[in-house]
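Source file: my_file.cif (mmCIF, C-alpha atoms and all ligand atoms)
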```cif
data_start
loop_
_atom_site.group_PDB
_atom_site.id
_atom_site.type_symbol
_atom_site.label_atom_id
_atom_site.label_comp_id
_atom_site.auth_asym_id
_atom_site.auth_seq_id
_atom_site.Cartn_x
_atom_site.Cartn_y
_atom_site.Cartn_z
ATOM 1 C CA MET D 1360 3.282 -12.665 15.469
ATOM 2 C CA MET D 1361 4.083 -9.306 17.032
ATOM 3 C CA ALA D 1362 1.641 -6.424 17.226
ATOM 4 C CA VAL D 1363 2.971 -2.899 17.141
ATOM 5 C CA SER D 1364 1.913 -0.811 20.124
ATOM 6 C CA ARG D 1365 2.447 2.718 18.861
ATOM 7 C CA PRO D 1366 2.648 2.815 15.075
ATOM 8 C CA LEU D 1367 3.354 6.054 13.264
ATOM 9 C CA ILE D 1368 1.513 5.829 9.948
ATOM 10 C CA GLU D 1369 2.221 8.561 7.415
ATOM 11 C CA ASN D 1370 0.104 8.973 4.289
ATOM 12 C CA TYR D 1371 1.703 10.718 1.337
ATOM 13 C CA PHE D 1372 -0.327 11.318 -1.821
ATOM 14 C CA VAL D 1373 2.388 11.229 -4.453
ATOM 15 C CA GLY D 1374 2.644 11.831 -8.170
ATOM 16 C CA ALA D 1375 0.088 13.059 -10.676
ATOM 17 C CA LEU D 1376 -2.209 10.121 -9.875
ATOM 18 C CA GLN D 1377 -2.149 11.021 -6.139
ATOM 19 C CA MET D 1378 -1.265 7.503 -5.107
ATOM 20 C CA ARG D 1379 -1.158 6.805 -1.358
ATOM 21 C CA CYS D 1380 2.313 5.879 -0.168
ATOM 22 C CA SER D 1381 2.162 4.680 3.433
ATOM 23 C CA VAL D 1382 5.238 4.956 5.640
ATOM 24 C CA VAL D 1383 4.860 2.837 8.760
ATOM 25 C CA THR D 1384 7.165 3.190 11.772
ATOM 26 C CA ASP D 1385 7.317 1.119 14.948
ATOM 27 C CA THR D 1386 8.017 3.968 17.367
ATOM 28 C CA VAL D 1387 9.419 1.559 19.944
ATOM 29 C CA SER D 1388 12.189 0.179 17.729
ATOM 30 C CA GLY D 1389 12.353 2.913 15.061
ATOM 31 C CA ASP D 1390 12.009 0.337 12.280
ATOM 32 C CA THR D 1391 10.225 1.796 9.247
ATOM 33 C CA ILE D 1392 8.778 0.324 6.064
ATOM 34 C CA ILE D 1393 7.663 2.123 2.913
ATOM 35 C CA ILE D 1394 4.516 0.683 1.309
ATOM 36 C CA ASP D 1395 4.094 1.591 -2.385
ATOM 37 C CA GLY D 1396 6.954 4.061 -2.852
ATOM 38 C CA GLY D 1397 5.690 4.900 -6.319
ATOM 39 C CA ALA D 1398 6.640 8.567 -6.772
ATOM 40 C CA GLU D 1399 8.213 11.645 -5.144
ATOM 41 C CA PRO D 1400 11.124 9.703 -3.601
ATOM 42 C CA GLU D 1401 12.975 12.907 -2.595
ATOM 43 C CA ARG D 1402 9.971 14.073 -0.585
ATOM 44 C CA LEU D 1403 9.721 10.741 1.234
ATOM 45 C CA ILE D 1404 13.427 10.547 1.991
ATOM 46 C CA ALA D 1405 13.680 14.171 3.192
ATOM 47 C CA TRP D 1406 10.892 13.696 5.724
ATOM 48 C CA ILE D 1407 11.781 10.189 6.881
ATOM 49 C CA GLU D 1408 15.409 11.091 7.490
ATOM 50 C CA ASN D 1409 15.423 14.785 8.365
ATOM 51 C CA TRP D 1410 11.814 15.878 8.919
ATOM 52 C CA GLN D 1411 12.313 18.361 6.116
ATOM 53 C CA GLY D 1412 10.165 19.456 3.196
ATOM 54 C CA ARG D 1413 6.469 18.997 2.689
ATOM 55 C CA GLY D 1414 6.074 15.817 4.717
ATOM 56 C CA PRO D 1415 3.010 13.604 4.721
ATOM 57 C CA ASP D 1416 -0.510 14.767 3.912
ATOM 58 C CA TRP D 1417 -1.827 13.061 7.005
ATOM 59 C CA SER D 1418 -0.380 10.944 9.799
ATOM 60 C CA THR D 1419 -1.156 9.306 13.088
ATOM 61 C CA GLY D 1420 1.067 10.575 15.929
ATOM 62 C CA PRO D 1421 3.676 10.767 17.306
ATOM 63 C CA SER D 1422 5.051 13.959 15.806
ATOM 64 C CA PHE D 1423 8.400 15.431 14.908
ATOM 65 C CA ALA D 1424 8.471 17.033 18.366
ATOM 66 C CA ASP D 1425 8.185 13.623 20.015
ATOM 67 C CA TYR D 1426 11.179 12.504 18.028
ATOM 68 C CA SER D 1427 13.296 15.630 18.422
ATOM 69 C CA ASN D 1428 13.081 15.638 22.216
ATOM 70 C CA GLY D 1429 14.908 12.330 22.193
ATOM 71 C CA ASP D 1430 12.168 10.122 23.617
ATOM 72 C CA LEU D 1431 11.826 8.094 20.456
ATOM 73 C CA PRO D 1432 14.443 6.142 18.508
ATOM 74 C CA LYS D 1433 15.755 7.410 15.187
ATOM 75 C CA ARG D 1434 13.839 5.975 12.261
ATOM 76 C CA LYS D 1435 15.478 3.254 10.174
ATOM 77 C CA VAL D 1436 14.006 2.067 6.876
ATOM 78 C CA VAL D 1437 14.218 -1.738 6.878
ATOM 79 C CA ALA D 1438 12.201 -2.764 3.784
ATOM 80 C CA LEU D 1439 10.168 -1.604 0.811
ATOM 81 C CA VAL D 1440 6.884 -3.479 0.324
ATOM 82 C CA ASN D 1441 4.335 -3.221 -2.499
ATOM 83 C CA THR D 1442 0.659 -4.020 -2.764
ATOM 84 C CA HIS D 1443 1.015 -4.428 -6.539
ATOM 85 C CA ALA D 1444 3.177 -3.420 -9.479
ATOM 86 C CA HIS D 1445 1.301 -0.686 -11.364
ATOM 87 C CA PHE D 1446 3.775 2.072 -12.181
ATOM 88 C CA ASP D 1447 2.086 4.677 -9.976
ATOM 89 C CA HIS D 1448 2.824 2.359 -7.028
ATOM 90 C CA SER D 1449 6.240 1.049 -8.083
ATOM 91 C CA GLY D 1450 7.717 3.418 -10.672
ATOM 92 C CA HIS D 1451 10.204 5.135 -8.352
ATOM 93 C CA ILE D 1452 11.215 2.117 -6.289
ATOM 94 C CA PRO D 1453 14.636 2.248 -8.056
ATOM 95 C CA ASP D 1454 15.273 5.727 -6.592
ATOM 96 C CA LEU D 1455 14.379 4.540 -3.096
ATOM 97 C CA LEU D 1456 16.590 1.457 -3.477
ATOM 98 C CA LYS D 1457 19.469 3.742 -4.449
ATOM 99 C CA ASN D 1458 19.073 5.530 -1.126
ATOM 100 C CA TYR D 1459 18.180 2.601 1.117
ATOM 101 C CA ASN D 1460 20.185 -0.601 1.078
ATOM 102 C CA VAL D 1461 17.164 -2.797 1.779
ATOM 103 C CA LYS D 1462 15.103 -5.459 0.034
ATOM 104 C CA TRP D 1463 11.997 -4.816 -2.027
ATOM 105 C CA TYR D 1464 9.029 -7.221 -1.636
ATOM 106 C CA LEU D 1465 6.341 -7.932 -4.234
ATOM 107 C CA HIS D 1466 4.021 -10.874 -4.918
ATOM 108 C CA GLU D 1467 5.549 -12.943 -7.704
ATOM 109 C CA ASP D 1468 2.369 -12.958 -9.793
ATOM 110 C CA ASP D 1469 3.062 -9.252 -10.430
ATOM 111 C CA TYR D 1470 6.684 -9.782 -11.518
ATOM 112 C CA PHE D 1471 5.746 -9.676 -15.209
ATOM 113 C CA LEU D 1472 3.626 -6.558 -14.745
ATOM 114 C CA GLN D 1473 6.566 -4.914 -12.985
ATOM 115 C CA THR D 1474 8.776 -5.334 -16.065
ATOM 116 C CA LEU D 1475 6.300 -3.031 -17.872
ATOM 117 C CA ALA D 1476 6.389 -0.207 -15.303
ATOM 118 C CA GLN D 1477 8.514 2.151 -17.350
ATOM 119 C CA ARG D 1478 6.620 1.511 -20.580
ATOM 120 C CA SER D 1479 3.181 1.951 -19.032
ATOM 121 C CA GLY D 1480 4.362 5.089 -17.241
ATOM 122 C CA GLN D 1481 5.474 6.531 -20.562
ATOM 123 C CA ARG D 1482 2.145 5.640 -22.117
ATOM 124 C CA TRP D 1483 0.496 7.918 -19.542
ATOM 125 C CA GLY D 1484 3.122 10.609 -20.118
ATOM 126 C CA PHE D 1485 5.235 10.011 -17.006
ATOM 127 C CA ASP D 1486 8.987 9.887 -16.741
ATOM 128 C CA VAL D 1487 9.745 6.663 -14.883
ATOM 129 C CA PRO D 1488 13.202 5.027 -14.496
ATOM 130 C CA PRO D 1489 13.917 1.475 -15.758
ATOM 131 C CA PRO D 1490 11.871 -0.848 -13.524
ATOM 132 C CA ALA D 1491 13.255 -2.369 -10.336
ATOM 133 C CA ILE D 1492 13.282 -6.143 -9.953
ATOM 134 C CA ALA D 1493 11.842 -7.384 -6.665
ATOM 135 C CA ASP D 1494 14.353 -8.961 -4.274
ATOM 136 C CA GLU D 1495 11.858 -11.008 -2.298
ATOM 137 C CA LYS D 1496 8.424 -12.550 -2.731
ATOM 138 C CA LEU D 1497 5.452 -11.695 -0.574
ATOM 139 C CA ILE D 1498 4.186 -15.076 0.611
ATOM 140 C CA ALA D 1499 0.391 -15.287 0.477
ATOM 141 C CA GLY D 1500 -1.269 -16.333 3.731
ATOM 142 C CA SER D 1501 1.811 -15.790 5.845
ATOM 143 C CA VAL D 1502 2.848 -13.222 8.418
ATOM 144 C CA MET D 1503 6.125 -11.672 7.355
ATOM 145 C CA SER D 1504 8.523 -9.709 9.553
ATOM 146 C CA PHE D 1505 10.166 -6.522 8.367
ATOM 147 C CA GLY D 1506 12.443 -5.620 11.242
ATOM 148 C CA THR D 1507 10.047 -5.426 14.188
ATOM 149 C CA ILE D 1508 7.019 -4.787 11.935
ATOM 150 C CA ASP D 1509 4.890 -7.827 11.092
ATOM 151 C CA LEU D 1510 2.433 -7.838 8.205
ATOM 152 C CA GLU D 1511 -0.076 -10.509 7.289
ATOM 153 C CA ILE D 1512 -0.086 -10.993 3.515
ATOM 154 C CA LEU D 1513 -3.571 -11.453 2.007
ATOM 155 C CA HIS D 1514 -3.391 -12.284 -1.701
ATOM 156 C CA THR D 1515 -6.369 -10.551 -3.358
ATOM 157 C CA PRO D 1516 -6.003 -10.900 -7.143
ATOM 158 C CA GLY D 1517 -8.427 -9.181 -9.495
ATOM 159 C CA HIS D 1518 -7.077 -5.656 -9.999
ATOM 160 C CA THR D 1519 -3.749 -7.321 -10.806
ATOM 161 C CA LEU D 1520 -2.695 -10.986 -10.599
ATOM 162 C CA GLY D 1521 -0.333 -10.419 -7.691
ATOM 163 C CA GLY D 1522 -2.292 -7.794 -5.787
ATOM 164 C CA CYS D 1523 -2.044 -8.139 -2.009
ATOM 165 C CA CYS D 1524 -3.562 -6.508 1.059
ATOM 166 C CA LEU D 1525 -1.188 -6.018 3.986
ATOM 167 C CA ARG D 1526 -2.487 -6.172 7.558
ATOM 168 C CA LEU D 1527 -0.668 -4.380 10.350
ATOM 169 C CA PHE D 1528 -1.591 -5.724 13.793
ATOM 170 C CA VAL D 1529 -1.868 -3.025 16.459
ATOM 171 C CA ASP D 1530 -2.042 -3.548 20.247
ATOM 172 C CA GLU D 1531 -5.273 -2.323 21.864
ATOM 173 C CA GLU D 1532 -6.382 -0.351 18.793
ATOM 174 C CA SER D 1533 -7.852 -1.177 15.406
ATOM 175 C CA ASP D 1534 -5.564 -2.920 12.947
ATOM 176 C CA HIS D 1535 -4.679 -1.227 9.667
ATOM 177 C CA LEU D 1536 -5.043 -2.793 6.217
ATOM 178 C CA PHE D 1537 -3.100 -1.441 3.245
ATOM 179 C CA VAL D 1538 -5.127 -2.571 0.255
ATOM 180 C CA GLY D 1539 -3.547 -0.914 -2.782
ATOM 181 C CA ASP D 1540 -6.155 -0.696 -5.541
ATOM 182 C CA THR D 1541 -8.123 -3.778 -4.471
ATOM 183 C CA LEU D 1542 -10.715 -1.694 -2.595
ATOM 184 C CA PHE D 1543 -11.565 2.007 -2.326
ATOM 185 C CA ALA D 1544 -14.050 4.001 -0.278
ATOM 186 C CA GLY D 1545 -17.163 3.362 -2.358
ATOM 187 C CA SER D 1546 -15.392 1.677 -5.263
ATOM 188 C CA VAL D 1547 -12.875 -0.937 -6.375
ATOM 189 C CA GLY D 1548 -9.805 -0.903 -8.611
ATOM 190 C CA ARG D 1549 -10.097 -1.021 -12.378
ATOM 191 C CA THR D 1550 -10.078 -4.447 -13.968
ATOM 192 C CA ASP D 1551 -9.782 -3.361 -17.609
ATOM 193 C CA LEU D 1552 -6.146 -2.289 -17.774
ATOM 194 C CA PRO D 1553 -3.878 -3.967 -20.345
ATOM 195 C CA ASP D 1554 -1.294 -6.659 -19.401
ATOM 196 C CA THR D 1555 -2.517 -6.766 -15.826
ATOM 197 C CA GLY D 1556 -4.726 -9.816 -15.385
ATOM 198 C CA GLY D 1557 -7.650 -7.667 -14.258
ATOM 199 C CA ASP D 1558 -10.867 -9.615 -13.684
ATOM 200 C CA PHE D 1559 -13.869 -8.153 -11.867
ATOM 201 C CA ASP D 1560 -15.349 -11.498 -10.810
ATOM 202 C CA LEU D 1561 -12.004 -12.558 -9.391
ATOM 203 C CA LEU D 1562 -11.600 -9.218 -7.610
ATOM 204 C CA SER D 1563 -15.065 -9.538 -6.103
ATOM 205 C CA LYS D 1564 -14.326 -13.097 -4.963
ATOM 206 C CA SER D 1565 -11.024 -12.007 -3.402
ATOM 207 C CA ILE D 1566 -12.754 -9.265 -1.436
ATOM 208 C CA HIS D 1567 -15.620 -11.510 -0.309
ATOM 209 C CA ASP D 1568 -13.306 -14.365 0.691
ATOM 210 C CA LYS D 1569 -10.371 -12.479 2.212
ATOM 211 C CA LEU D 1570 -11.582 -9.060 3.376
ATOM 212 C CA TRP D 1571 -15.206 -9.329 4.505
ATOM 213 C CA PRO D 1572 -14.409 -11.939 7.195
ATOM 214 C CA LEU D 1573 -12.035 -9.427 8.861
ATOM 215 C CA ASP D 1574 -13.090 -7.225 11.793
ATOM 216 C CA ASP D 1575 -15.424 -4.360 10.846
ATOM 217 C CA GLU D 1576 -13.253 -1.877 12.743
ATOM 218 C CA ILE D 1577 -10.119 -2.444 10.676
ATOM 219 C CA ILE D 1578 -8.955 0.811 9.087
ATOM 220 C CA VAL D 1579 -8.532 0.473 5.333
ATOM 221 C CA HIS D 1580 -5.851 2.494 3.536
ATOM 222 C CA PRO D 1581 -6.648 2.415 -0.203
ATOM 223 C CA GLY D 1582 -4.125 3.276 -2.904
ATOM 224 C CA HIS D 1583 -6.164 6.349 -3.864
ATOM 225 C CA GLY D 1584 -8.756 8.463 -2.065
ATOM 226 C CA PRO D 1585 -9.881 8.579 1.562
ATOM 227 C CA LEU D 1586 -9.508 6.024 4.331
ATOM 228 C CA THR D 1587 -12.417 3.751 5.103
ATOM 229 C CA THR D 1588 -13.156 0.668 7.212
ATOM 230 C CA ILE D 1589 -13.968 -2.945 6.456
ATOM 231 C CA GLY D 1590 -17.421 -2.548 8.063
ATOM 232 C CA GLU D 1591 -18.312 0.549 6.024
ATOM 233 C CA GLU D 1592 -17.369 -1.053 2.691
ATOM 234 C CA LYS D 1593 -18.884 -4.418 3.527
ATOM 235 C CA MET D 1594 -22.203 -2.643 4.201
ATOM 236 C CA ASN D 1595 -22.234 0.074 1.567
ATOM 237 C CA ASN D 1596 -19.739 -0.493 -1.247
ATOM 238 C CA PRO D 1597 -21.860 -0.438 -4.452
ATOM 239 C CA PHE D 1598 -19.513 -2.804 -6.314
ATOM 240 C CA VAL D 1599 -18.757 -5.517 -3.783
ATOM 241 C CA GLY D 1600 -20.658 -4.737 -0.583
ATOM 242 C CA LEU D 1601 -23.028 -7.369 0.779
ATOM 243 C CA SER D 1602 -26.021 -5.376 -0.500
ATOM 244 C CA ALA D 1603 -24.499 -4.579 -3.911
ATOM 245 C CA LYS D 1604 -26.798 -5.401 -6.778
ATOM 246 C CA LYS D 1605 -25.180 -7.929 -9.014
ATOM 247 C CA ASP D 1606 -24.109 -6.693 -12.466
ATOM 248 C CA VAL D 1607 -24.984 -3.046 -11.850
ATOM 249 C CA PHE D 1608 -21.328 -2.082 -11.598
ATOM 250 C CA SER D 1609 -18.582 -4.177 -13.075
ATOM 251 C CA ARG D 1610 -15.767 -1.733 -13.518
ATOM 252 C CA GLY D 1611 -13.886 0.193 -10.850
ATOM 253 C CA LYS D 1612 -11.579 3.183 -11.048
ATOM 254 C CA TYR D 1613 -7.944 4.224 -10.634
ATOM 255 C CA LEU D 1614 -4.798 2.571 -11.910
HETATM 256 ZN ZN ZN X 1 -3.055 2.941 -8.272
HETATM 257 ZN ZN ZN X 2 -3.251 -0.338 -9.632
#
```

Take the structure in the file and give it back as structure tokens.
Amino acid sequence: MMAVSRPLIENYFVGALQMRCSVVTDTVSGDTIIIDGGAEPERLIAWIENWQGRGPDWSTGPSFADYSNGDLPKRKVVALVNTHAHFDHSGHIPDLLKNYNVKWYLHEDDYFLQTLAQRSGQRWGFDVPPPAIADEKLIAGSVMSFGTIDLEILHTPGHTLGGCCLRLFVDEESDHLFVGDTLFAGSVGRTDLPDTGGDFDLLSKSIHDKLWPLDDEIIVHPGHGPLTTIGEEKMNNPFVGLSAKKDVFSRGKYL
């Protein structure tokens, strides 16, 4: 397993549902992955390739200047990876695949849900292209390499059957965990959506078994809303935190 020493992590809130797309670059090799490329593909591509347009809403360094002075390698997108298959997270994967000749990774328990991406998008009034079909499976419990970027795949079903959290190991700094809609700052993902396999008890078990044993300092990147940490949510999350009162809350938010 390889830890990245200087990751550039860009957060883009895309689409009407303001879903967090995370673009992660190893600034040593230039290898880049797009996590949950669900909407606004032109915006993502323009910034990743040419530093043009609106760019991310928030990012860790280094900046465009660091790249343009030639000290850093050109960025190269090597894979698309998804936490889960809800249309706000996966609806515009086909447009990204048209631009990047790379593979798209999704847990296989969300393959059926993915076939519904266009239909569920339309139900919410969104124009979404015919759904992409994943090229590769995310393998639960393994560390997978995407170019020089390694991610540990934690399968955390409950919001969807195939929902996964993706851990990026960082040298000498806190690791980052991309959790999709499994966990939010102060909430959890909805478990009442149709055709999804949502189950609050299962979601709670996933979080208790797979996330709470992780280091408190790990920075959590949810699919919607602000960043948080494992320690903060483990202490204070009213749905699944260690002091949460059982049966007070049993339904989260966001798609
Ligand atoms: Zn979502
Ligand atoms: Zn979702």

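Nearest residue to Ile1508 of chain D, choosing from D:Ile1492, D:Leu1573, D:Val1382, D:Leu1527 and counting all atoms listed in the file: D:Leu1527.
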
- Task: Carefully work through the PyMOL selection byres (((not hetatm)) within 10 of (chain X and resi 2)) for this structure and note down the residues it includes, as a ChimeraX atom specification.
- Result: /D:1378,1442-1449,1518-1519,1522,1539-1541,1548-1550,1552,1555,1557,1582-1583,1612-1614

- Target residues per the PyMOL selection byres (((chain D and resi 1485) around 12) and not hetatm), formatted as a list in words: Gly1374, Ala1375, Leu1376, Gly1397, Ala1398, Phe1446, Asp1447, Gly1450, His1451, Ala1476, Gln1477, Arg1478, Ser1479, Gly1480, Gln1481, Arg1482, Trp1483, Gly1484, Asp1486, Val1487 and Pro1488 of chain D

Need to verify the contact set: Trp1417 of chain D, 8 Å, all atoms listed in the file, exclusion of same-chain residues closer than 5 positions in sequence. Can you return it as an mmCIF file with C-alpha atoms, in the coordinates of the input?
```
data_model
loop_
_atom_site.group_PDB
_atom_site.id
_atom_site.type_symbol
_atom_site.label_atom_id
_atom_site.label_comp_id
_atom_site.auth_asym_id
_atom_site.auth_seq_id
_atom_site.Cartn_x
_atom_site.Cartn_y
_atom_site.Cartn_z
ATOM 1 C CA GLU D 1369 2.221 8.561 7.415
ATOM 2 C CA ASN D 1370 0.104 8.973 4.289
ATOM 3 C CA TYR D 1371 1.703 10.718 1.337
#
```

Can you pull out every residue within 7 Å of segment 1496-1499 of chain D, counting all atoms listed in the file, but drop anything in the same chain fewer than 6 positions away, and send it as a PDB file with C-alpha atoms, in the frame of the given file?
```
ATOM      1  CA  TYR D1464       9.029  -7.221  -1.636  1.00  0.00           C
ATOM      2  CA  LEU D1465       6.341  -7.932  -4.234  1.00  0.00           C
ATOM      3  CA  HIS D1466       4.021 -10.874  -4.918  1.00  0.00           C
ATOM      4  CA  GLU D1467       5.549 -12.943  -7.704  1.00  0.00           C
ATOM      5  CA  ILE D1512      -0.086 -10.993   3.515  1.00  0.00           C
ATOM      6  CA  LEU D1513      -3.571 -11.453   2.007  1.00  0.00           C
ATOM      7  CA  HIS D1514      -3.391 -12.284  -1.701  1.00  0.00           C
TER       8      HIS D1514
END
```

- D:His1580, D:Arg1526, D:Lys1433, D:Lys1593 ranked by distance to Ser1381 of chain D, top pick (using only C-alpha atoms):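 Closest residue, counting only C-alpha atoms: D:His1580.
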
- Query: Which is closest to ligand ZN 1 (chain X) among D:Gly1412, D:Gly1590, D:Gly1396, D:Gly1545, if we use all atoms listed in the file?
  - Reply: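 Closest to ligand ZN 1 (chain X), using all atoms listed in the file: D:Gly1396.
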
- Message: Please determine, counting only C-alpha atoms, which residue among D:Ala1493, D:Val1461, D:Leu1520, D:Ala1362 has the shortest atom-to-atom distance to Thr1474 of chain D.
- Response: D:Ala1493

- Message: Could you check the closest approach to ligand ZN 1 (chain X) for each of D:Gly1429, D:Pro1581, D:Pro1490, D:Pro1421 and tell me which residue wins, using only C-alpha atoms and all ligand atoms?
- Response: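 Answer, going by the shortest atom-to-atom distance: D:Pro1581.
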
- Message: as an NGL selection string, please: the residues near segment 1383-1395 of chain D (cut-off 8 Å, only C-alpha atoms, same-chain neighbours under 4 positions excluded).
- Response: :D and (1363-1369 or 1379 or 1431-1443 or 1448-1449 or 1505-1508)

- How many Å separate atom CA of Thr1515 of chain D from atom CA of Leu1562 of chain D?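 That distance, rounded to one decimal, is 6.9 Å.
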
- Would you work out the distance separating atom CA of Pro1516 of chain D from atom CA of Asp1454 of chain D, expressed in Å to one decimal? 27.0 Å

- Message: For this structure, which residues satisfy the selection - the PyMOL selection byres (((chain D and resi 1596) around 12) and not hetatm) - when it is evaluated on the file as given? I want them as a ChimeraX atom specification.
- Response: /D:1542-1547,1563,1566-1567,1571,1587-1595,1597-1604,1608,1611
